[in-house]
Every structure is written in C-alpha cells, then in structure tokens.
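Novice: Pasting a structure here, questions to come.
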Amino acid sequence: MGDAISEPTAPFRDSGRGGVALLIIDLVNRFDFAGGDKLKAAAEKIVEPVLRLRAAFDAADAPAIYVNDNFGEWHSEKSKLVERAGADAGDFVPRIEPRARDYFVIKPQLSGFYATNLPLLLPKLGVNRLVITGVATDICVLFTAADAYMRDYKLWIPEDAVAAEDEEKGMAALAIMRCHLRAATASTRRQTIAAWT
C-alpha cells in the first residue's frame, strides 16, 4: 500500500485469510445533530490514537477502511461527504480525513456491514481480524462489531480510539463487546497490532 498507489484496489478473487484491517467509523462527520457537540468533544480525544493506529497499519502494509454514514445523501460519494463535513465541523475533519490510499465505504444504517460492500471487500483483502475505531461506541461501533463477530472476525476495539456522546453508555457498550463479542478493548498505549493475535 505504498504512497505510489493513488486509489486502493482489491484482488478479483478472495485472498487467503490472516490479514488485519483498521475500520474508522463515522469520523468524517458534520456533528450537526442533537448531541453532536458532545460527541464532537469526545471524538476530539480519539483523533491522535486513531492516527497512531493508521500509521501503524501503514507500516504493516495493512488497509485502513473508512466506513461512513451517508447522512441521508443517497447520491453522495467520498469527496462530497468529506467536503460537507469539513465545512460544518471546522478543523476536525482535515485532521482525520481519508487519504487517496484508504478505502472508503458508505453505509446507510448503523452497521458497516449492512447494505455495503464491506462484506465483499474484507475477504478480497484476506482479512479475518478487525480493529474498530470511531463513533459512536454505543451505536455504530457496537452494531458494526456485532455484525463482524457474527461473521467470525476477531476484534480489537481500543477503548481510547472510540467515543460516545455519553461516556457511561460508551463504557457499557465496551463491556458488551468485551464480554459477548470476545473483543479486546485494551487502549492503543497498552496493546499493539503486532502483539494482538
């Protein structure tokens, strides 16, 4: 996945399993909804851990996949979503926006797997382990993690790389993912991709 690649590609046929991918959920966000200010404030705290993970995935030549809500814009695509979110969310989006080398999946609902190409893309990339980051811990991250677990993906949801509007609900969601989805939830300071198997 070197910098020479302008657009990410995937093989025509599925690759052998064993790979890992980083999912970045809903961080291209306008935060223009009830509770959006609180969620944006919480999301500000996870930008650096997510960027550290993205850099680690780059170093491991592993894919970063942005999985983002379409915000009801059914004719939208990546550049329009990034542009609109950047206009509404100030300097938040430019710090975390996807690069040309990153995959970008638009989701219409809460789960990154529901009615998207993610279930087709991951096997093409040979992925069977997912690191899930983004917002909101108790909604889209939880739904995506549950769908991933039902598809036999091994999960790491770093507690310092997810955010919720309500911290208590976010912690409860992490407890559910740890207990029922068998997800690792150690912070990015305590665990690395290489150490997580």
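Labels used: A, B, ... for chains in the order of the structure tokens, numbers from 1 for residues in each chain, and numbers from 1 for ligands as shown.
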Got a sec: who's within 7 Å of segment 21-24 of chain A, counting only C-alpha atoms, leaving out chain neighbours fewer than 6 positions off, as a list in words?
Specialist: Ala62, Pro63, Ala64, Ile65, Tyr66, Val67, Val127, Arg129, Leu130, Val131, Ile132, Thr133 and Gly134 of chain A
Novice: Quick one: residues within 10 Å of Ile96 of chain A, only C-alpha atoms, excluding same-chain residues fewer than 2 positions away - as a PyMOL selection string?
Specialist: chain A and resi 24+27-28+47-48+50-51+54+91-94+98-99
Novice: Write to file, as a compact mmCIF listing (two decimals), in the first residue's frame, the residues of the selection just made, with N, CA and C atoms.
Specialist:
```
# COMPACT_ATOMS: atom_id res chain seq x y z
N ILE A 24 -12.41 2.72 10.45
CA ILE A 24 -12.58 4.04 11.04
C ILE A 24 -14.03 4.44 10.78
N LEU A 27 -15.99 9.05 11.33
CA LEU A 27 -15.22 10.23 11.74
C LEU A 27 -15.24 11.34 10.71
N VAL A 28 -15.70 11.06 9.51
CA VAL A 28 -16.00 12.13 8.55
C VAL A 28 -17.44 12.52 8.89
N VAL A 47 -8.78 11.36 18.12
CA VAL A 47 -8.11 11.60 16.84
C VAL A 47 -6.67 11.09 16.87
N GLU A 48 -5.91 11.44 17.89
CA GLU A 48 -4.49 11.04 17.93
C GLU A 48 -4.33 9.52 18.02
N VAL A 50 -6.34 7.24 16.88
CA VAL A 50 -6.73 6.70 15.57
C VAL A 50 -5.62 6.96 14.55
N LEU A 51 -5.05 8.15 14.56
CA LEU A 51 -3.96 8.46 13.63
C LEU A 51 -2.72 7.61 13.91
N ARG A 54 -3.52 4.29 12.42
CA ARG A 54 -3.44 4.36 10.95
C ARG A 54 -1.98 4.32 10.49
N ASP A 91 -12.01 22.38 11.99
CA ASP A 91 -10.71 21.75 11.73
C ASP A 91 -10.67 20.27 12.11
N PHE A 92 -11.79 19.71 12.57
CA PHE A 92 -11.80 18.30 12.97
C PHE A 92 -11.54 17.37 11.78
N VAL A 93 -12.30 17.51 10.71
CA VAL A 93 -12.23 16.60 9.57
C VAL A 93 -10.88 16.63 8.86
N PRO A 94 -10.29 17.80 8.59
CA PRO A 94 -9.00 17.78 7.90
C PRO A 94 -7.91 16.98 8.63
N PRO A 98 -9.84 10.81 5.12
CA PRO A 98 -9.19 9.72 4.38
C PRO A 98 -8.23 10.24 3.32
N ARG A 99 -7.19 9.46 3.10
CA ARG A 99 -6.22 9.76 2.06
C ARG A 99 -6.59 8.95 0.82
```
Novice: Do you know which residues are at most 8 Å from segment 102-114 of chain A counting only C-alpha atoms, after dropping those on the same chain fewer than 4 positions away, and could you put them as a PyMOL selection string?
Specialist: chain A and resi 7-8+25+63-72+77-78+98+118-119+139-141+143-144+147-148
Novice: Tell me which protein, DNA and RNA residues are within 8 Å of Ile157 of chain A, counting only C-alpha atoms, leaving out same-chain ones fewer than 4 positions away, and put them as a list in words.
Specialist: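 Those residues are Val131, Ile132, Thr133, Ala161, Val162, Leu174, Ala183, Ala184, Thr185 and Ala186 of chain A.
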Novice: Select, from A:Asp26, A:Arg178, A:Pro123, A:Ala60, the residue with the minimum atom-to-atom distance to Asp152 of chain A, counting only C-alpha atoms.
Specialist: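 Result for the nearest residue to Asp152 of chain A: A:Pro123.
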Novice: Quick check for you: according to DSSP on this backbone, which residues of segment 32-77 of chain A are classed as alpha helix (DSSP H)? Reply as a ChimeraX atom specification.
Specialist: /A:36-44,47-59
Novice: I want to know what sits within 8 Å of Lys169 of chain A, based on only C-alpha atoms, with residues of the same chain fewer than 4 positions away left out; could you give that as an MDAnalysis selection string?
Specialist: chainID A and resid 138 164 173
Novice: If DSSP is run on the backbone, what residues of segment 37-192 of chain A are strand (DSSP E)? A reply as a list in words would be ideal.
Specialist: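 Strand (DSSP E) members of segment 37-192 of chain A, listed: Ala64, Ile65, Tyr66, Val67, Asn68, Asp69, Tyr103, Phe104, Val105, Ile106, Lys107, Val127, Asn128, Arg129, Leu130, Val131, Ile132, Thr133, Gly134, Val135, Lys154, Leu155, Trp156, Val162 and Ala163 of chain A.
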Novice: Pick the closest to Ala87 of chain A from A:Asp32, A:Asp160, A:Glu168, A:Asp14: which is it, counting only C-alpha atoms?
Specialist: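 The shortest atom-to-atom distance to Ala87 of chain A comes from A:Asp32.
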Novice: For Trp156 of chain A, which residue out of A:Val135, A:Val20, A:Ala55, A:Ala41 is the nearest one, using only C-alpha atoms?
Specialist: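 Of all the options, A:Val20 lies closest to Trp156 of chain A.
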Novice: From the options A:Arg95, A:Lys154, A:Arg52, A:Arg182, which residue's atoms come nearest to Arg17 of chain A, counting only C-alpha atoms?
Specialist: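 Closest residue, counting only C-alpha atoms: A:Lys154.
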Novice: Neighbouring residues of Lys40 of chain A were defined as those with any atom within 9 Å, considering only C-alpha atoms; residues of the same chain fewer than 6 positions away were excluded. Please report them as a list in words.
Specialist: Asn29, Arg30, Phe31, Ala89, Phe92, Ala163, Ala164 and Glu165 of chain A
Novice: Restricting the output to C-alpha atoms, write the selected residues as a PDB file, in the first residue's frame.
Specialist:
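So the final result, stored in again_26.pdb, reads:
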```pdb
ATOM      1  CA  ASN A  29     -18.828  13.786  10.419  1.00  0.00           C
ATOM      2  CA  ARG A  30     -20.689  17.086  10.480  1.00  0.00           C
ATOM      3  CA  PHE A  31     -21.833  16.635  14.110  1.00  0.00           C
ATOM      4  CA  ALA A  89     -17.052  20.510  11.596  1.00  0.00           C
ATOM      5  CA  PHE A  92     -11.801  18.298  12.970  1.00  0.00           C
ATOM      6  CA  ALA A 163     -16.051   7.796  21.558  1.00  0.00           C
ATOM      7  CA  ALA A 164     -19.664   8.208  22.606  1.00  0.00           C
ATOM      8  CA  GLU A 165     -21.885  11.165  23.356  1.00  0.00           C
TER       9      GLU A 165
END
```
Novice: Between A:Ala136, A:Ala85, A:Ala146, A:Ala115, which residue has the minimum interatomic distance to Glu167 of chain A, considering only C-alpha atoms?
Specialist: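 Among the listed residues, A:Ala136 lies closest to Glu167 of chain A.
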Novice: Using only C-alpha atoms, which of A:Asn128, A:Leu121, A:Ile176, A:Val82 sits nearest Arg13 of chain A?
Specialist: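 Among the listed residues, the smallest separation from Arg13 of chain A belongs to A:Leu121.
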Novice: Distance atom CA of Pro11 of chain A-atom CA of Ala56 of chain A, one decimal place?
Specialist: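 Separation of atom CA of Pro11 of chain A and atom CA of Ala56 of chain A: 22.8 Å.
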Novice: Just how far from atom CA of Tyr149 of chain A is atom CA of His180 of chain A, in Å to one decimal?
Specialist: 9.3 Å
